[in-house]
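Engineer: See structure35.txt below, with compact mmCIF, C-alpha atoms and all ligand atoms.
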# COMPACT_ATOMS: atom_id res chain seq x y z
CA MET A 1 10.10 -86.47 58.89
CA SER A 2 13.37 -85.49 60.45
CA ASP A 3 14.59 -81.93 60.62
CA GLY A 4 18.05 -80.67 61.19
CA GLY A 5 19.35 -80.09 57.70
CA SER A 6 20.35 -76.76 56.24
CA TYR A 7 17.81 -74.23 55.00
CA TYR A 8 16.55 -74.17 51.44
CA GLN A 9 18.46 -71.78 49.25
CA ARG A 10 16.92 -68.34 48.98
CA ASP A 11 15.33 -67.73 45.58
CA ARG A 12 17.09 -64.53 44.59
CA LEU A 13 14.87 -64.13 41.53
CA TRP A 14 11.80 -64.02 43.76
CA HIS A 15 13.21 -61.55 46.26
CA PRO A 16 14.03 -58.02 45.13
CA PRO A 17 17.59 -57.64 43.85
CA ALA A 18 19.86 -55.26 45.75
CA TYR A 19 20.17 -52.73 42.92
CA THR A 20 16.81 -51.28 41.89
CA PRO A 21 17.30 -47.78 40.44
CA GLY A 22 13.55 -47.05 40.53
CA TYR A 23 14.03 -47.00 44.30
CA LYS A 24 16.79 -44.40 44.34
CA THR A 25 18.26 -45.04 47.77
CA SER A 26 19.21 -48.55 46.68
CA VAL A 27 21.66 -47.14 44.12
CA THR A 28 24.42 -46.37 46.64
CA ARG A 29 23.39 -48.99 49.17
CA SER A 30 23.43 -52.11 47.01
CA PRO A 31 26.43 -54.45 47.11
CA GLN A 32 27.83 -54.88 43.60
CA ARG A 33 29.93 -58.00 44.03
CA ALA A 34 28.46 -61.47 43.96
CA LEU A 35 27.31 -62.81 47.30
CA LEU A 36 29.51 -65.62 48.64
CA SER A 37 27.51 -68.82 49.07
CA PHE A 38 28.24 -71.58 51.53
CA ASP A 39 26.17 -74.28 53.15
CA ASN A 40 24.71 -73.38 56.55
CA SER A 41 26.88 -74.04 59.56
CA ILE A 42 25.52 -74.12 63.08
CA SER A 43 26.07 -70.35 63.19
CA GLU A 44 23.31 -69.83 60.62
CA MET A 45 21.05 -72.70 61.74
CA THR A 46 20.66 -71.32 65.26
CA GLY A 47 19.10 -68.05 66.29
CA PRO A 48 17.88 -66.12 69.30
CA THR A 49 14.76 -67.25 71.13
CA PHE A 50 12.31 -65.02 72.89
CA GLY A 51 10.06 -66.26 75.67
CA HIS A 52 6.40 -65.36 75.87
CA SER A 53 7.36 -63.63 79.15
CA ILE A 54 8.82 -60.63 77.28
CA ILE A 55 5.42 -59.85 75.78
CA GLY A 56 3.31 -57.35 77.69
CA GLU A 57 -0.46 -57.45 77.72
CA LEU A 58 -0.87 -54.58 75.25
CA ASP A 59 2.10 -55.34 73.01
CA ASN A 60 -0.22 -56.65 70.28
CA ASP A 61 -2.76 -53.87 70.68
CA LEU A 62 -1.69 -50.70 68.86
CA ILE A 63 -5.06 -49.16 69.64
CA LEU A 64 -4.28 -49.13 73.35
CA ASN A 65 -0.52 -49.48 73.79
CA PHE A 66 0.20 -45.76 73.34
CA ALA A 67 -3.22 -44.33 74.22
CA LYS A 68 -2.90 -41.25 76.42
CA ASP A 69 -6.27 -39.53 76.69
CA GLY A 70 -8.39 -41.51 74.28
CA GLU A 71 -8.11 -43.94 71.43
CA PRO A 72 -6.35 -43.24 68.15
CA ILE A 73 -8.31 -41.97 65.18
CA GLY A 74 -8.92 -44.22 62.19
CA GLN A 75 -10.35 -47.49 61.02
CA ARG A 76 -9.96 -50.31 63.52
CA ILE A 77 -8.56 -53.53 62.09
CA ILE A 78 -7.37 -56.93 63.26
CA VAL A 79 -4.38 -58.41 61.47
CA HIS A 80 -3.93 -62.12 61.92
CA GLY A 81 -2.35 -65.09 60.20
CA ARG A 82 0.31 -67.70 60.59
CA VAL A 83 4.06 -67.82 60.29
CA LEU A 84 4.76 -70.89 58.17
CA ASP A 85 7.88 -72.44 56.72
CA GLU A 86 8.28 -73.42 53.08
CA ASN A 87 7.19 -76.95 54.00
CA GLY A 88 3.85 -75.47 55.03
CA ARG A 89 4.28 -76.07 58.74
CA GLY A 90 3.49 -73.46 61.37
CA VAL A 91 6.54 -71.95 63.07
CA PRO A 92 5.86 -71.66 66.80
CA ASN A 93 7.50 -69.25 69.26
CA CYS A 94 8.49 -66.79 66.58
CA LEU A 95 8.95 -63.14 67.54
CA VAL A 96 7.01 -60.90 65.15
CA GLU A 97 7.47 -57.13 65.39
CA PHE A 98 5.44 -54.61 63.41
CA TRP A 99 5.41 -50.85 62.85
CA GLN A 100 3.38 -48.47 60.78
CA ALA A 101 2.17 -44.94 60.11
CA ASN A 102 -1.01 -43.62 61.71
CA ALA A 103 -4.37 -43.28 59.93
CA GLY A 104 -3.17 -40.10 58.22
CA GLY A 105 0.03 -41.69 56.92
CA ARG A 106 2.34 -40.07 59.48
CA TYR A 107 5.07 -41.89 61.43
CA ARG A 108 6.01 -40.98 64.98
CA HIS A 109 9.64 -40.21 64.16
CA LYS A 110 11.91 -37.15 64.44
CA LYS A 111 13.01 -37.35 60.83
CA GLU A 112 9.48 -37.62 59.46
CA SER A 113 8.22 -34.37 57.96
CA TYR A 114 4.95 -35.24 56.18
CA LEU A 115 2.33 -32.60 56.92
CA ALA A 116 -0.28 -35.08 58.16
CA PRO A 117 -0.69 -34.72 61.93
CA LEU A 118 0.68 -37.00 64.62
CA ASP A 119 -2.00 -38.81 66.58
CA PRO A 120 -1.29 -38.27 70.28
CA ASN A 121 -2.75 -41.68 71.04
CA PHE A 122 -0.89 -43.72 68.46
CA GLY A 123 2.72 -44.94 68.79
CA GLY A 124 2.77 -47.24 65.78
CA CYS A 125 4.69 -50.27 67.07
CA GLY A 126 3.81 -53.64 68.51
CA ARG A 127 5.00 -57.22 68.78
CA THR A 128 3.83 -60.72 69.53
CA ILE A 129 5.07 -64.32 69.62
CA THR A 130 3.46 -67.02 67.50
CA GLY A 131 1.50 -69.84 69.10
CA GLU A 132 2.09 -73.56 68.71
CA ASP A 133 0.55 -73.55 65.23
CA GLY A 134 2.46 -70.46 64.14
CA SER A 135 -0.55 -68.18 64.53
CA TYR A 136 -0.35 -64.55 65.55
CA ARG A 137 -2.81 -61.68 65.87
CA PHE A 138 -2.81 -57.99 66.68
CA ARG A 139 -5.17 -55.06 66.65
CA THR A 140 -4.38 -51.70 65.14
CA ILE A 141 -5.57 -48.73 63.08
CA GLN A 142 -5.46 -49.04 59.31
CA PRO A 143 -2.42 -47.02 58.23
CA GLY A 144 -2.74 -44.25 55.66
CA ALA A 145 -0.82 -43.92 52.41
CA TYR A 146 1.95 -41.33 52.43
CA PRO A 147 4.19 -39.49 49.96
CA TRP A 148 7.95 -39.99 50.11
CA PRO A 149 10.95 -38.39 48.49
CA ASN A 150 11.97 -40.53 45.53
CA GLY A 151 10.40 -39.42 42.28
CA PRO A 152 8.63 -36.03 42.31
CA ASN A 153 5.31 -37.65 43.25
CA ASP A 154 5.78 -41.11 44.74
CA TRP A 155 3.41 -42.51 47.34
CA ARG A 156 3.59 -45.58 49.48
CA PRO A 157 0.46 -47.73 49.52
CA ALA A 158 -0.98 -48.36 52.98
CA HIS A 159 1.33 -50.91 54.58
CA ILE A 160 2.54 -52.44 57.81
CA HIS A 161 6.22 -53.31 58.28
CA PHE A 162 7.04 -56.75 59.72
CA SER A 163 10.24 -58.08 61.27
CA VAL A 164 10.21 -61.84 61.82
CA PHE A 165 12.57 -64.21 63.61
CA GLY A 166 12.29 -67.90 62.85
CA HIS A 167 14.37 -70.45 64.69
CA ALA A 168 17.55 -69.72 62.77
CA PHE A 169 19.42 -66.57 61.87
CA ALA A 170 19.26 -67.79 58.26
CA GLN A 171 15.49 -67.24 58.39
CA ARG A 172 15.69 -63.61 59.51
CA LEU A 173 13.29 -61.54 57.42
CA ILE A 174 11.92 -58.02 57.18
CA THR A 175 9.02 -57.38 54.85
CA GLN A 176 5.84 -55.33 54.43
CA MET A 177 2.14 -56.16 54.34
CA TYR A 178 -0.18 -54.47 51.84
CA PHE A 179 -3.97 -54.34 51.76
CA GLU A 180 -6.18 -56.14 49.27
CA GLY A 181 -7.63 -53.89 46.62
CA ASP A 182 -5.33 -50.92 47.13
CA PRO A 183 -4.57 -49.39 43.70
CA MET A 184 -1.47 -47.67 45.12
CA ILE A 185 0.33 -51.04 45.40
CA TRP A 186 0.94 -51.07 41.65
CA LYS A 187 2.32 -47.51 41.56
CA CYS A 188 4.94 -47.89 44.29
CA PRO A 189 8.67 -48.07 43.39
CA ILE A 190 9.44 -50.02 46.58
CA VAL A 191 6.80 -52.64 45.80
CA ALA A 192 8.13 -52.68 42.24
CA THR A 193 11.57 -53.79 43.47
CA ILE A 194 9.96 -57.26 43.66
CA PRO A 195 10.25 -58.76 40.19
CA ASP A 196 7.44 -61.29 40.43
CA ARG A 197 3.80 -60.19 40.53
CA GLU A 198 2.83 -63.31 42.43
CA ALA A 199 5.38 -62.49 45.14
CA ILE A 200 3.70 -59.09 45.55
CA GLU A 201 0.28 -60.71 45.82
CA ARG A 202 1.67 -62.95 48.58
CA LEU A 203 2.48 -59.79 50.53
CA THR A 204 -1.05 -58.51 50.12
CA ALA A 205 -3.36 -59.33 53.02
CA ALA A 206 -6.89 -60.47 52.22
CA LEU A 207 -9.96 -58.88 53.75
CA ASP A 208 -11.28 -61.57 56.08
CA MET A 209 -14.93 -60.97 56.93
CA ASN A 210 -15.13 -64.15 59.02
CA ASN A 211 -12.70 -62.74 61.53
CA THR A 212 -14.16 -59.26 61.83
CA VAL A 213 -15.61 -58.12 65.13
CA PRO A 214 -19.11 -56.89 64.20
CA MET A 215 -19.69 -53.20 64.93
CA ASP A 216 -16.01 -52.90 65.93
CA SER A 217 -13.15 -53.98 63.64
CA ARG A 218 -12.57 -55.42 60.19
CA ALA A 219 -9.96 -58.15 59.78
CA TYR A 220 -7.12 -58.87 57.35
CA LYS A 221 -5.38 -62.22 57.07
CA PHE A 222 -1.65 -62.20 56.40
CA ASP A 223 0.46 -65.36 56.34
CA ILE A 224 4.23 -65.04 56.40
CA VAL A 225 6.47 -67.75 54.99
CA LEU A 226 10.01 -68.29 56.27
CA ARG A 227 12.66 -70.50 54.73
CA GLY A 228 12.12 -74.23 55.13
CA ARG A 229 14.64 -76.76 56.23
CA ARG A 230 15.94 -79.93 54.62
CA SER A 231 15.34 -83.27 56.19
CA THR A 232 18.39 -85.03 57.59
CA LEU A 233 16.92 -88.49 57.07
CA PHE A 234 19.74 -89.54 54.79
CA GLU A 235 22.44 -87.28 56.08
CA ASN A 236 24.61 -89.99 57.66
CA ARG A 237 24.73 -91.92 54.42
CA MET A 238 25.38 -88.79 52.38
CA GLU A 239 28.28 -87.79 54.58
CA GLY A 240 29.96 -91.13 54.03
CA ASN A 241 30.64 -90.54 50.36
CA MET B 242 3.21 -81.61 33.62
CA ALA B 243 4.47 -83.31 36.74
CA GLN B 244 2.88 -83.31 40.16
CA THR B 245 3.33 -80.12 42.14
CA LEU B 246 5.74 -80.16 45.06
CA GLY B 247 3.41 -78.14 47.22
CA HIS B 248 6.19 -76.08 48.73
CA LEU B 249 5.38 -72.53 49.72
CA LYS B 250 7.59 -69.66 48.60
CA GLU B 251 9.38 -67.59 51.21
CA SER B 252 7.70 -64.21 51.68
CA ALA B 253 9.56 -61.68 49.56
CA SER B 254 11.74 -59.27 51.47
CA GLN B 255 11.02 -55.55 51.48
CA THR B 256 13.27 -52.77 52.70
CA ALA B 257 13.15 -52.01 56.42
CA GLY B 258 12.60 -48.39 55.36
CA PRO B 259 13.70 -45.23 57.17
CA TYR B 260 11.67 -45.96 60.30
CA VAL B 261 12.80 -49.47 61.23
CA HIS B 262 13.74 -48.09 64.63
CA ILE B 263 10.08 -47.40 65.43
CA GLY B 264 9.39 -51.11 65.32
CA CYS B 265 12.67 -52.59 66.52
CA THR B 266 14.08 -50.03 68.97
CA PRO B 267 11.13 -47.74 69.82
CA ASN B 268 12.63 -46.42 73.07
CA TYR B 269 15.66 -45.24 71.09
CA CYS B 270 13.39 -43.07 68.93
CA GLU B 271 11.45 -41.72 71.87
CA ILE B 272 8.39 -43.94 71.67
CA GLU B 273 8.40 -44.66 75.37
CA GLY B 274 6.06 -46.64 77.54
CA VAL B 275 5.18 -49.28 74.96
CA PHE B 276 8.01 -51.73 75.67
CA PRO B 277 10.05 -51.55 78.92
CA GLU B 278 13.33 -51.67 76.99
CA ASP B 279 14.54 -52.18 73.45
CA LEU B 280 15.28 -55.81 72.66
CA GLY B 281 18.90 -56.73 72.02
CA THR B 282 20.30 -53.83 74.06
CA ARG B 283 21.96 -56.14 76.58
CA MET B 284 23.74 -59.33 75.58
CA ILE B 285 25.31 -59.96 78.98
CA LEU B 286 22.77 -60.63 81.71
CA GLY B 287 25.03 -61.44 84.66
CA ASP B 288 28.26 -63.11 85.58
CA VAL B 289 29.33 -64.25 82.17
CA LYS B 290 32.12 -66.61 81.11
CA GLY B 291 34.89 -65.42 78.83
CA GLU B 292 36.57 -62.20 77.81
CA ARG B 293 34.37 -59.12 77.71
CA ILE B 294 34.79 -57.16 74.52
CA ARG B 295 33.18 -54.34 72.58
CA ILE B 296 32.36 -54.39 68.89
CA VAL B 297 31.93 -51.03 67.15
CA GLY B 298 31.65 -49.90 63.57
CA ARG B 299 29.71 -48.01 60.96
CA VAL B 300 27.95 -48.92 57.74
CA PHE B 301 29.08 -46.87 54.73
CA ASP B 302 27.25 -46.39 51.44
CA GLY B 303 28.93 -46.20 48.04
CA THR B 304 29.80 -42.52 48.48
CA GLY B 305 31.56 -43.17 51.80
CA THR B 306 28.74 -41.65 53.83
CA PRO B 307 27.87 -43.48 57.05
CA LEU B 308 24.27 -44.70 57.32
CA LYS B 309 22.32 -43.25 60.21
CA ASP B 310 19.14 -45.21 59.62
CA ALA B 311 20.54 -48.75 59.69
CA LEU B 312 19.77 -51.51 62.14
CA VAL B 313 22.55 -53.97 62.82
CA GLU B 314 22.03 -57.31 64.54
CA ILE B 315 24.69 -59.79 65.63
CA TRP B 316 24.44 -63.45 66.62
CA GLN B 317 27.30 -65.36 68.14
CA ALA B 318 28.34 -68.28 70.31
CA ASP B 319 29.30 -67.94 73.97
CA ALA B 320 32.88 -68.19 75.22
CA ASP B 321 32.74 -71.99 75.01
CA GLY B 322 31.47 -71.97 71.43
CA LEU B 323 27.87 -72.87 72.30
CA TYR B 324 24.83 -71.05 70.92
CA PRO B 325 22.03 -70.09 73.31
CA SER B 326 19.50 -71.73 71.00
CA PRO B 327 17.48 -74.93 71.29
CA GLN B 328 18.75 -75.75 67.80
CA ASP B 329 22.25 -76.22 69.24
CA LYS B 330 22.09 -79.79 70.55
CA ARG B 331 25.74 -79.93 71.68
CA GLY B 332 25.22 -78.52 75.15
CA THR B 333 23.79 -75.69 77.19
CA ALA B 334 25.20 -72.25 76.56
CA ASP B 335 26.00 -69.72 79.28
CA THR B 336 22.63 -68.71 80.74
CA ASN B 337 23.92 -65.19 81.38
CA PHE B 338 24.56 -64.60 77.71
CA THR B 339 21.91 -64.02 75.02
CA GLY B 340 24.16 -64.37 71.96
CA TRP B 341 22.05 -61.77 70.16
CA GLY B 342 22.45 -58.03 70.00
CA ARG B 343 20.68 -55.29 68.11
CA SER B 344 21.99 -51.75 67.61
CA PRO B 345 20.31 -48.79 65.91
CA GLY B 346 23.62 -46.93 65.70
CA ASP B 347 24.37 -43.54 67.17
CA MET B 348 21.95 -40.84 66.05
CA GLN B 349 24.78 -38.42 65.06
CA THR B 350 27.56 -40.69 63.87
CA GLY B 351 25.80 -43.90 62.88
CA GLU B 352 28.22 -45.93 65.00
CA PHE B 353 26.85 -49.24 66.25
CA ARG B 354 28.13 -50.79 69.45
CA PHE B 355 27.82 -54.16 71.14
CA ASP B 356 29.16 -55.06 74.58
CA THR B 357 29.61 -58.80 74.42
CA VAL B 358 32.08 -61.62 75.02
CA LYS B 359 34.59 -63.09 72.64
CA PRO B 360 32.99 -66.20 71.15
CA GLY B 361 34.59 -69.63 71.26
CA ARG B 362 35.12 -71.75 68.17
CA VAL B 363 32.26 -73.72 66.66
CA PRO B 364 32.53 -76.62 64.23
CA ALA B 365 31.71 -76.55 60.53
CA LYS B 366 29.58 -79.35 59.06
CA ASN B 367 32.61 -81.58 58.46
CA GLY B 368 33.71 -81.22 62.07
CA ALA B 369 36.65 -78.88 61.40
CA LEU B 370 36.66 -75.88 63.71
CA GLN B 371 35.69 -72.48 62.41
CA ALA B 372 37.60 -69.44 63.61
CA PRO B 373 35.80 -67.36 66.25
CA HIS B 374 33.26 -65.19 64.46
CA VAL B 375 30.14 -63.12 64.85
CA THR B 376 27.27 -63.35 62.37
CA VAL B 377 26.11 -59.88 61.30
CA TRP B 378 22.84 -58.84 59.65
CA ILE B 379 22.24 -55.34 58.29
CA VAL B 380 18.99 -53.70 57.22
CA ALA B 381 18.24 -50.08 56.32
CA ARG B 382 16.38 -47.85 53.94
CA GLY B 383 17.62 -48.66 50.44
CA ILE B 384 18.58 -52.24 51.36
CA ASN B 385 15.97 -54.45 49.72
CA ILE B 386 16.93 -57.66 51.47
CA GLY B 387 18.86 -57.93 54.74
CA LEU B 388 22.61 -58.39 54.25
CA HIS B 389 24.42 -61.22 56.02
CA THR B 390 28.12 -61.06 56.73
CA ARG B 391 30.54 -62.25 59.40
CA MET B 392 33.04 -60.53 61.61
CA TYR B 393 36.26 -62.38 62.39
CA PHE B 394 38.84 -61.32 64.97
CA GLY B 395 42.08 -59.58 64.05
CA ASP B 396 44.03 -61.29 66.85
CA GLU B 397 43.17 -64.81 65.69
CA ASP B 398 45.60 -65.21 62.79
CA ALA B 399 46.14 -68.93 63.24
CA ALA B 400 42.45 -69.77 63.56
CA ASN B 401 41.54 -67.42 60.69
CA ALA B 402 44.11 -69.11 58.44
CA GLU B 403 42.39 -72.48 58.82
CA ASP B 404 38.81 -71.23 58.87
CA PRO B 405 36.82 -73.15 56.25
CA ILE B 406 35.02 -70.05 54.94
CA LEU B 407 37.86 -67.52 55.03
CA SER B 408 40.27 -69.96 53.43
CA ARG B 409 38.05 -70.62 50.41
CA ILE B 410 37.61 -66.97 49.43
CA GLU B 411 39.08 -66.71 45.97
CA HIS B 412 39.81 -62.98 46.00
CA ARG B 413 42.29 -62.84 48.87
CA SER B 414 42.39 -59.03 48.80
CA ARG B 415 38.79 -59.03 50.04
CA VAL B 416 39.42 -61.19 53.12
CA PRO B 417 40.40 -58.22 55.33
CA THR B 418 36.88 -56.79 54.88
CA LEU B 419 35.72 -59.52 57.29
CA ILE B 420 38.44 -59.11 59.91
CA ALA B 421 38.12 -56.57 62.71
CA PRO B 422 41.36 -55.24 64.16
CA ARG B 423 41.69 -55.28 67.93
CA THR B 424 42.21 -51.99 69.72
CA ALA B 425 41.50 -50.83 73.25
CA GLU B 426 39.37 -48.15 74.84
CA ASP B 427 39.04 -47.48 78.59
CA GLY B 428 41.06 -50.63 79.19
CA MET B 429 38.53 -52.69 77.27
CA PRO B 430 39.28 -54.68 74.12
CA VAL B 431 37.50 -53.09 71.18
CA TYR B 432 37.09 -54.60 67.74
CA ARG B 433 36.27 -52.15 64.96
CA PHE B 434 34.20 -53.62 62.15
CA ASP B 435 33.28 -51.10 59.46
CA ILE B 436 30.92 -52.37 56.78
CA ARG B 437 31.12 -51.02 53.22
CA LEU B 438 28.12 -51.61 51.02
CA GLN B 439 29.95 -50.68 47.81
CA GLY B 440 33.31 -49.59 46.46
CA PRO B 441 36.80 -51.08 46.22
CA ASP B 442 36.61 -52.28 49.83
CA GLU B 443 33.07 -53.65 49.58
CA THR B 444 32.47 -56.03 52.46
CA ILE B 445 31.93 -59.65 51.54
CA PHE B 446 28.25 -60.50 51.99
CA PHE B 447 26.92 -64.01 52.12
CA ASP B 448 24.09 -65.94 50.58
CA ILE B 449 23.59 -68.37 53.41
FE FE C 1 6.58 -47.35 55.77
Let me see the file written as structure tokens.

Structural biologist:
Amino acid sequence: MSDGGSYYQRDRLWHPPAYTPGYKTSVTRSPQRALLSFDNSISEMTGPTFGHSIIGELDNDLILNFAKDGEPIGQRIIVHGRVLDENGRGVPNCLVEFWQANAGGRYRHKKESYLAPLDPNFGGCGRTITGEDGSYRFRTIQPGAYPWPNGPNDWRPAHIHFSVFGHAFAQRLITQMYFEGDPMIWKCPIVATIPDREAIERLTAALDMNNTVPMDSRAYKFDIVLRGRRSTLFENRMEGN
Amino acid sequence: MAQTLGHLKESASQTAGPYVHIGCTPNYCEIEGVFPEDLGTRMILGDVKGERIRIVGRVFDGTGTPLKDALVEIWQADADGLYPSPQDKRGTADTNFTGWGRSPGDMQTGEFRFDTVKPGRVPAKNGALQAPHVTVWIVARGINIGLHTRMYFGDEDAANAEDPILSRIEHRSRVPTLIAPRTAEDGMPVYRFDIRLQGPDETIFFDI
């Protein structure tokens, strides 16, 4: 199969729409005009690349990468999976960045005011680059749920934020990972911006007992799918018409 | 029923939330010692070809308030119109130029800033040249899926007039939302590109 064509159109009925009044901040931050569509040019089909050399030894270890005088408090987990494209192929050399609250549901951020305590040994950020088969892995503390100002009593389910680069700027994606079995998923206005229940389940990582480290860490498997690319097998002929 | 195509669905987007800077620019929000520097801070790595420029701007919500929790990324060609990406098979881009920048915006004003070079022209699919442009991607709390737009250059009237994307925009009054006027600051060319998420001057966003 030949690559090199433009990227499959984004399914805007699968992604959350811009305007979702249940998530109040979207009301003034959602474009109201129709998006302008055009076929990818080379500007969208290229994107930055990041060498494995930028990744430090502890970048994918949130248990140790901010530890000062001990390890962070909370449940130790491994998060692993693959970055795939819509054709089901692993996407190698993909920068994946992640950030999260600590075990109590508190972020290390000036503007964060939740009463749960900061953990002096937990920063809450990490990154890695996918291997040849698109696989990635990191170790962290299971984040806590936290309340947030939206409705009078809205809570975020436990989640990890992900930022993913594919090979093209058209593939750029930010999303969140949820945890299998968490009842808070179905009460969250941000989750509910996604119209399709199946799309939400695809963002929910499965408990993966086969990849646990006995007496140490549980594991969750989370695959991320980026836009796929058309084949250019027939492109020369198509352009002739 | 027909056979299934077996394609996977793209992972659904979720908002970057209020703390995107923790993950993408941790040093900026005082999480130090994890990464040596924030990625995307420097686009120019050495002796670079082309004209050095600065791009600044703010992102405004529908009430005219500037966002202070946005993350703006840009992607552009080098001065010769080549992308520093293995997907660009036309040649090798300037090795002292990354083509990619990321800005968390100023903590007080929300102003983003990129020190870069003016990009050269790159072809569209049919071979016609596009006007020089910078691809822009915006995420923030309240933005459910990252917004793509483009910045064009205010001193490129002739190229802008024949650009295949600018020239096909039906509502001509909206074209200026994509064009950054050229000014100067400390003897340096500065292009100001303000982005409006809503309102009469809503920026044109793309479904690419
Ligand atoms: Fe969060």

Engineer: So, counting all atoms listed in the file, which residue among A:Leu95, A:Ser231, A:Asp216, A:Arg10 is closest to Gly51 (chain A)?

Structural biologist: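 Of all the options, A:Leu95 lies closest to Gly51 (chain A).
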
Engineer: Residues of chain B were defined as contacting chain A if any atom lay at most 8 Å from it, counting all atoms listed in the file; please report them as a ChimeraX atom specification.

Structural biologist: /B:247-257,260-261,263-265,267,270,272,274-276,302-304,316-318,324-329,339-341,363-366,376,382-387,406,438-439,443,445-449

Engineer: Calculated over only C-alpha atoms and all ligand atoms, which of the candidates B:Leu407, B:Ala399, B:Ala381, B:Val358 has the smallest distance to ligand FE 1 (chain C)?

Structural biologist: B:Ala381

Engineer: Considering all atoms listed in the file, can you say which of B:Glu273, B:Glu411, B:Asp279, B:Asp427 comes closest to Ser344 (chain B)?

Structural biologist: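 Among the listed residues, the smallest separation from Ser344 (chain B) belongs to B:Asp279.
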
Engineer: Between CA of Val289 (chain B) and CA of Thr336 (chain B), what distance in Å does the model show, to one decimal?

Structural biologist: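 Calculated distance between CA of Val289 (chain B) and CA of Thr336 (chain B) is 8.2 Å.
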
Engineer: Might you pull out every residue within 8 Å of region 319-323 of chain B, with only C-alpha atoms counted and same-chain residues fewer than 4 positions away left off, and present them as JSON, numbers by chain?

Structural biologist: {"B": [290, 291, 292, 329, 331, 332, 333, 334, 335, 338, 340, 358, 359, 360, 361, 362, 363]}

Engineer: So which residues touch Gly131 (chain A) within 7 Å, counting all atoms listed in the file, skipping near sequence neighbours fewer than 5 positions away, as a PyMOL selection string?

Structural biologist: chain A and resi 92-93+136

Engineer: As an mmCIF file, keeping the file's coordinate frame, please: region 383-394 of chain B completed to N, CA and C atoms.

Structural biologist:
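Output (selection_13.cif):
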data_model
loop_
_atom_site.group_PDB
_atom_site.id
_atom_site.type_symbol
_atom_site.label_atom_id
_atom_site.label_comp_id
_atom_site.auth_asym_id
_atom_site.auth_seq_id
_atom_site.Cartn_x
_atom_site.Cartn_y
_atom_site.Cartn_z
ATOM 1 N N GLY B 383 16.781 -48.457 51.621
ATOM 2 C CA GLY B 383 17.620 -48.660 50.440
ATOM 3 C C GLY B 383 18.235 -50.046 50.343
ATOM 4 N N ILE B 384 18.106 -50.848 51.394
ATOM 5 C CA ILE B 384 18.580 -52.240 51.360
ATOM 6 C C ILE B 384 17.334 -53.109 51.198
ATOM 7 N N ASN B 385 17.214 -53.748 50.023
ATOM 8 C CA ASN B 385 15.970 -54.450 49.720
ATOM 9 C C ASN B 385 15.835 -55.789 50.428
ATOM 10 N N ILE B 386 16.961 -56.396 50.727
ATOM 11 C CA ILE B 386 16.930 -57.660 51.470
ATOM 12 C C ILE B 386 18.115 -57.654 52.428
ATOM 13 N N GLY B 387 17.858 -58.013 53.683
ATOM 14 C CA GLY B 387 18.860 -57.930 54.740
ATOM 15 C C GLY B 387 20.182 -58.570 54.318
ATOM 16 N N LEU B 388 21.287 -57.929 54.672
ATOM 17 C CA LEU B 388 22.610 -58.390 54.250
ATOM 18 C C LEU B 388 23.270 -59.180 55.378
ATOM 19 N N HIS B 389 23.709 -60.394 55.043
ATOM 20 C CA HIS B 389 24.420 -61.220 56.020
ATOM 21 C C HIS B 389 25.918 -61.117 55.774
ATOM 22 N N THR B 390 26.675 -60.931 56.841
ATOM 23 C CA THR B 390 28.120 -61.060 56.730
ATOM 24 C C THR B 390 28.632 -61.655 58.034
ATOM 25 N N ARG B 391 29.941 -61.732 58.180
ATOM 26 C CA ARG B 391 30.540 -62.250 59.400
ATOM 27 C C ARG B 391 31.688 -61.357 59.805
ATOM 28 N N MET B 392 31.858 -61.193 61.091
ATOM 29 C CA MET B 392 33.040 -60.530 61.610
ATOM 30 C C MET B 392 33.960 -61.565 62.224
ATOM 31 N N TYR B 393 35.220 -61.552 61.772
ATOM 32 C CA TYR B 393 36.260 -62.380 62.390
ATOM 33 C C TYR B 393 37.183 -61.473 63.183
ATOM 34 N N PHE B 394 38.052 -62.079 64.012
ATOM 35 C CA PHE B 394 38.840 -61.320 64.970
ATOM 36 C C PHE B 394 40.287 -61.156 64.517
#
